[in-house]
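Here's the structure we're looking at; comments come further down.
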Amino acid sequence: MLFFVEAATSGSGLRLLRQLTDRGEPTVFVTSNRAKYSGAEDAQVLDRLDGEGRLFEVDSTEDYRTPGALVSMPGPHGVIASGDRYLAFAAHLAEDLGAPFPSRRAIDVFRDKRRARELYDTLGVGRVRWAPADSEERVRSFASDVAPIGVIKNVRGTGSQDVGIYAGVVEAVETWRLLSAADRYLAGALMIEEYVQGPLVSCEVLVSAGHAQVLGYTDRQLSPFPTVAEVGYTFPADLPGALQHDMRTAVDAVVAALQIEQAFLHVEFVLRETGAYVVEINPRLPGALVTYMLQDCLTPDFAQMVADSALGRPVSAATTNGLVSSGYIAYAPARARASAPSDRGAASAFPWVVDVLGGVITGAEIAPASDYRGAVGHVRTLAPSRSIAQTAARAAAELMIPPSAPRTDTEEP
């Protein structure tokens with residue numbers, strides 16, 4: 001049985017589960033709340049699984065006791081996870097099932113960015129100076145003596161949540177105070193690290209039987225400094241061999257150190273002339289629409305590769321098929337209220353567009369990029385060249401930005 005532990009409610013969503021279920025793979029879906037997927041694309045697959053006794057509602061965030069009904073299902077077993085919040089449950093479930101998956105220890109390291117940085121430093125692949133941000137004095141000292149431009153972040157979570165970039169000691173202290181007082185994702189502690197400027201890419205890795213296969217690289221475009229919201233990405237990225245080797249060396253070192261036998265690793269790097277700098281390693285399927293990109297641009301079939309790896313079957317070597325996929329996330333140019341709904345139809349009709357997500361209704365508050373949660377709309381293209389894919393994605397996504405009226409200062413936030 002192939003156990004999917006939760007899924008995204010947008011972006012990659014339930015498509016991988018639906019594809020594998022449709023082709024006859026014995027899939028199971030485990031969730032703490034089925035209702036949250038009621039409006040998700042491909043949600044009909046949950047009705048099918050429920051009718052066949054293969055959908056289970058359990059506490060997948062706090063209670064790690066695996067129900068006996070799951071353990072008693074016929075094997076072999078595999079586990080697939082797509083969200084950071086549910087990785088701990090997935091690791092416990094895999095252990096109880098005897099399924100290949102990163103160990104509980106490995107997940108604990110990945111889910112605490114301080115512990116991950118300690119590991120990278122030990123392995124000699126870290127390169128980024130950092131410290132716990134456990135006091136104002138420590139933040140002030142780091143910003144003064146180590147990194148005048150830096151990042152203060154929640155040690156848990158992904159997607160630029162609870163992240164602030166500072167320039168100078170005063171901003172560092174102000175950013176730390178704001179984040180310290182905030183209700184942070186997963187109640188994570190804070191850390192501080194130097195800001196390493198350069199292009200951001202993610203290395204998409206499938207680990208099977210202890211071997212890490214690099215499927216390709218996804219480049220990333222971020223909003224203007226000092227925000228860190230992602231606005232665009234393209235797969236596959238064409239990168240110099242030396243940088244590819246640097247990234248591969250870091251991935252292999254971490255896989256060996258944590259004794260990872262099977263996993264999908266979404267590994268983010270900043271690239272500089274001096275090499276690749278690890279940002280973070282996420283032991284889960286990639287978010288946004290990157291899973292769709294891999295499905296459309298890789299041979300053999302990406303969904304089947306993931307299933308085969310999770311179930312301990314042999315996995316073929318992946319190659320790209322000549323197509324290029326690009327995503328673009330549109331944000332409003334200024335803080336305002338939409339005076340009309342987003343034109344999803346115009347975005348969908350744009351040449352080369354294959355996916356359109358999001359959109360806002362009349363009266364919705366819109367704003368420039370701060371993190372991924374403020375997006376107006378999200379478009380993906382598939383084209384025979386990088387230039388066409390990127391240009392079409394941006395043009396189509398910006399068609400979803402609606403006409404608007406300025407938001408007044410007297411409105412309630």
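Starting from 1 in every chain, residues are counted up; chains themselves are A, B, ... following the order of the structure tokens, and ligands are numbered from 1 as listed.
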Quiz item: Which residues come within 12 Å of A:Gly241, counting only C-alpha atoms, excluding same-chain residues fewer than 6 positions away, as a PyMOL selection string?
Solution: chain A and resi 247-248+275-276
Next, write the just-selected residues to a file, as a tab-separated table (two decimals), in the first residue's frame, keeping all heavy atoms as the atom set.
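The resulting file, out.tsv, is reproduced below:
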chain	number	residue	atom	x	y	z
A	247	MET	N	26.56	21.03	-5.66
A	247	MET	CA	25.27	20.68	-5.06
A	247	MET	C	25.16	19.19	-4.82
A	247	MET	O	24.68	18.73	-3.77
A	247	MET	CB	24.13	21.19	-5.94
A	247	MET	CG	23.97	22.70	-5.93
A	247	MET	SD	22.54	23.30	-6.86
A	247	MET	CE	23.24	23.36	-8.50
A	248	ARG	N	25.61	18.41	-5.79
A	248	ARG	CA	25.55	16.96	-5.65
A	248	ARG	C	26.40	16.48	-4.47
A	248	ARG	O	25.99	15.58	-3.72
A	248	ARG	CB	26.02	16.29	-6.94
A	248	ARG	CG	26.00	14.77	-6.92
A	248	ARG	CD	24.59	14.26	-6.63
A	248	ARG	NE	24.56	12.86	-6.31
A	248	ARG	CZ	24.19	11.92	-7.19
A	248	ARG	NH1	23.84	12.26	-8.41
A	248	ARG	NH2	24.15	10.67	-6.81
A	275	GLY	N	30.68	28.92	-5.37
A	275	GLY	CA	30.05	27.63	-5.15
A	275	GLY	C	28.59	27.75	-4.77
A	275	GLY	O	27.98	28.81	-4.86
A	276	ALA	N	28.02	26.61	-4.35
A	276	ALA	CA	26.61	26.52	-3.98
A	276	ALA	C	26.48	26.52	-2.46
A	276	ALA	O	27.18	25.78	-1.77
A	276	ALA	CB	26.00	25.25	-4.56
Exercise. Could you give me, as a PyMOL selection string, each residue of stretch 55-203 of chain A that DSSP assigns to helix (DSSP H, G or I) when run on this structure's backbone?
Key: chain A and resi 68-71+84-97+104-110+113-123+136-145+169-181+185-187
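Among the candidates A:Gln197, A:Asp246, A:Val306, A:Val324, the residue lying nearest to A:Leu20 is A:Val306 (atoms considered: only C-alpha atoms).
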Practice problem: Give me the residues within 12 Å of A:Ala181 as a VMD selection string, counting only C-alpha atoms and dropping any in the same chain fewer than 6 places off. | Solution: chain A and resid 162 174 to 175 187 189 to 190
Would you give me, as JSON lines, each residue of stretch 267-290 of chain A having an atom within 12 Å of an atom of stretch 359-383 of chain A, along with its shortest atom pair and that distance in Å to one decimal, using only C-alpha atoms and sorting by chain and residue number?
{"residue": "A:Gly287", "atom": "CA", "partner": "A:Tyr372", "partner_atom": "CA", "distance": 11.1}
{"residue": "A:Ala288", "atom": "CA", "partner": "A:His378", "partner_atom": "CA", "distance": 8.8}
{"residue": "A:Leu289", "atom": "CA", "partner": "A:Arg380", "partner_atom": "CA", "distance": 7.4}
{"residue": "A:Val290", "atom": "CA", "partner": "A:Arg380", "partner_atom": "CA", "distance": 9.4}
Quiz item: Which of these residues is nearest to A:Glu280, using only C-alpha atoms: A:Gly150, A:Gly157, A:Gly98, A:Pro406?
Solution: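 Nearest candidate to A:Glu280 out of A:Gly150, A:Gly157, A:Gly98, A:Pro406: A:Gly157.
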Quiz item: Could you work out how far atom CA of A:Val353 lies from atom CA of A:Ile329, giving the answer in Å with one decimal?
Solution: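 Interatomic distance, atom CA of A:Ile329 to atom CA of A:Val353: 13.2 Å.
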Would you mind listing, for every residue of stretch 301-379 of chain A within 12 Å of stretch 70-85 of chain A, the two atoms forming the shortest contact and the distance between them in Å to one decimal, using only C-alpha atoms, sorted by chain and ascending residue number, as JSON lines?
{"residue": "A:Ala303", "atom": "CA", "partner": "A:Ile80", "partner_atom": "CA", "distance": 11.2}
{"residue": "A:Val306", "atom": "CA", "partner": "A:Ile80", "partner_atom": "CA", "distance": 8.3}
{"residue": "A:Ala307", "atom": "CA", "partner": "A:Gly78", "partner_atom": "CA", "distance": 7.7}
{"residue": "A:Asp308", "atom": "CA", "partner": "A:Gly78", "partner_atom": "CA", "distance": 8.8}
{"residue": "A:Ser309", "atom": "CA", "partner": "A:Gly78", "partner_atom": "CA", "distance": 8.2}
{"residue": "A:Ala310", "atom": "CA", "partner": "A:Gly78", "partner_atom": "CA", "distance": 4.6}
{"residue": "A:Leu311", "atom": "CA", "partner": "A:Gly78", "partner_atom": "CA", "distance": 4.6}
{"residue": "A:Gly312", "atom": "CA", "partner": "A:Gly78", "partner_atom": "CA", "distance": 7.6}
{"residue": "A:Arg313", "atom": "CA", "partner": "A:Pro76", "partner_atom": "CA", "distance": 9.9}
Quiz item: Do you know which residues are at most 12 Å from A:Asp22 counting only C-alpha atoms, after dropping those on the same chain fewer than 5 positions away, and could you put them as a VMD selection string?
Solution: chain A and resid 15 to 17 27 42 44 to 46 48 to 49 303 to 304
If you take only C-alpha atoms and a cut-off of 12 Å, which residues of stretch 277-357 of chain A touch stretch 122-146 of chain A, and what are their nearest atom pairs and distances in Å to one decimal, in chain and number order, as JSON lines?
{"residue": "A:Tyr277", "atom": "CA", "partner": "A:Arg127", "partner_atom": "CA", "distance": 6.2}
{"residue": "A:Val278", "atom": "CA", "partner": "A:Gly126", "partner_atom": "CA", "distance": 6.2}
{"residue": "A:Val279", "atom": "CA", "partner": "A:Val128", "partner_atom": "CA", "distance": 8.5}
{"residue": "A:Glu280", "atom": "CA", "partner": "A:Gly126", "partner_atom": "CA", "distance": 10.0}
{"residue": "A:Ile281", "atom": "CA", "partner": "A:Gly126", "partner_atom": "CA", "distance": 11.7}
Would you mind exporting N, CA and C atoms of the selected residues as a tab-separated table (two decimals), in the first residue's frame?
chain	number	residue	atom	x	y	z
A	277	TYR	N	25.58	27.35	-1.96
A	277	TYR	CA	25.36	27.50	-0.52
A	277	TYR	C	24.00	26.90	-0.15
A	278	VAL	N	24.00	25.91	0.74
A	278	VAL	CA	22.75	25.27	1.13
A	278	VAL	C	21.86	26.27	1.88
A	279	VAL	N	20.62	26.40	1.44
A	279	VAL	CA	19.62	27.19	2.16
A	279	VAL	C	18.86	26.29	3.11
A	280	GLU	N	18.21	25.26	2.56
A	280	GLU	CA	17.52	24.28	3.40
A	280	GLU	C	17.24	23.03	2.60
A	281	ILE	N	17.04	21.93	3.31
A	281	ILE	CA	16.68	20.65	2.69
A	281	ILE	C	15.30	20.26	3.21
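Taking stretch 287-380 of chain A and asking which residues DSSP calls strand (DSSP E) on the backbone, you get A:Leu298, A:Thr299, A:Thr319, A:Thr320, A:Val324, A:Ser325, A:Ser326, A:Gly327, A:Tyr328, A:Ile329, A:Ala330, A:Ala336, A:Arg337, A:Ala338, A:Val353, A:Val354, A:Asp355, A:Val356, A:Leu357, A:Gly358, A:Glu365, A:Ile366, A:Gly377, A:His378, A:Val379, A:Arg380.
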Self-check item: d(atom CA of A:Gly216, atom CA of A:Ala88) in Å
Solution: 26.6 Å
Quiz item: Which residue out of A:Phe235, A:Trp176, A:Phe302, A:Phe89 has the minimum interatomic distance to A:Ser103 when only C-alpha atoms are used?
Solution: A:Phe89
Which residues of stretch 162-209 of chain A come within 9 Å of stretch 217-220 of chain A, and what is each one's closest atom pair and distance in Å (one decimal), counting only C-alpha atoms, sorted by chain and residue number, as CSV?
residue,atom,partner,partner_atom,distance
A:Pro199,CA,A:Arg220,CA,7.2
A:Leu200,CA,A:Arg220,CA,5.3
A:Val201,CA,A:Asp219,CA,4.3
A:Ser202,CA,A:Thr218,CA,5.1
A:Cys203,CA,A:Tyr217,CA,4.7
A:Glu204,CA,A:Tyr217,CA,6.0
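Comparing the minimum interatomic distances between A:Lys113 and each of A:Gly210, A:Pro351, A:Gly164, A:Gly188, counting only C-alpha atoms, we find that A:Gly188 sits nearest.
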Quiz item: So which residues touch A:Ile107 within 9 Å, counting only C-alpha atoms, skipping near sequence neighbours fewer than 5 positions away, as a list of chain:residue names?
Solution: A:Leu87, A:Ala88, A:Ala91, A:Pro102, A:Asp112, A:Pro283
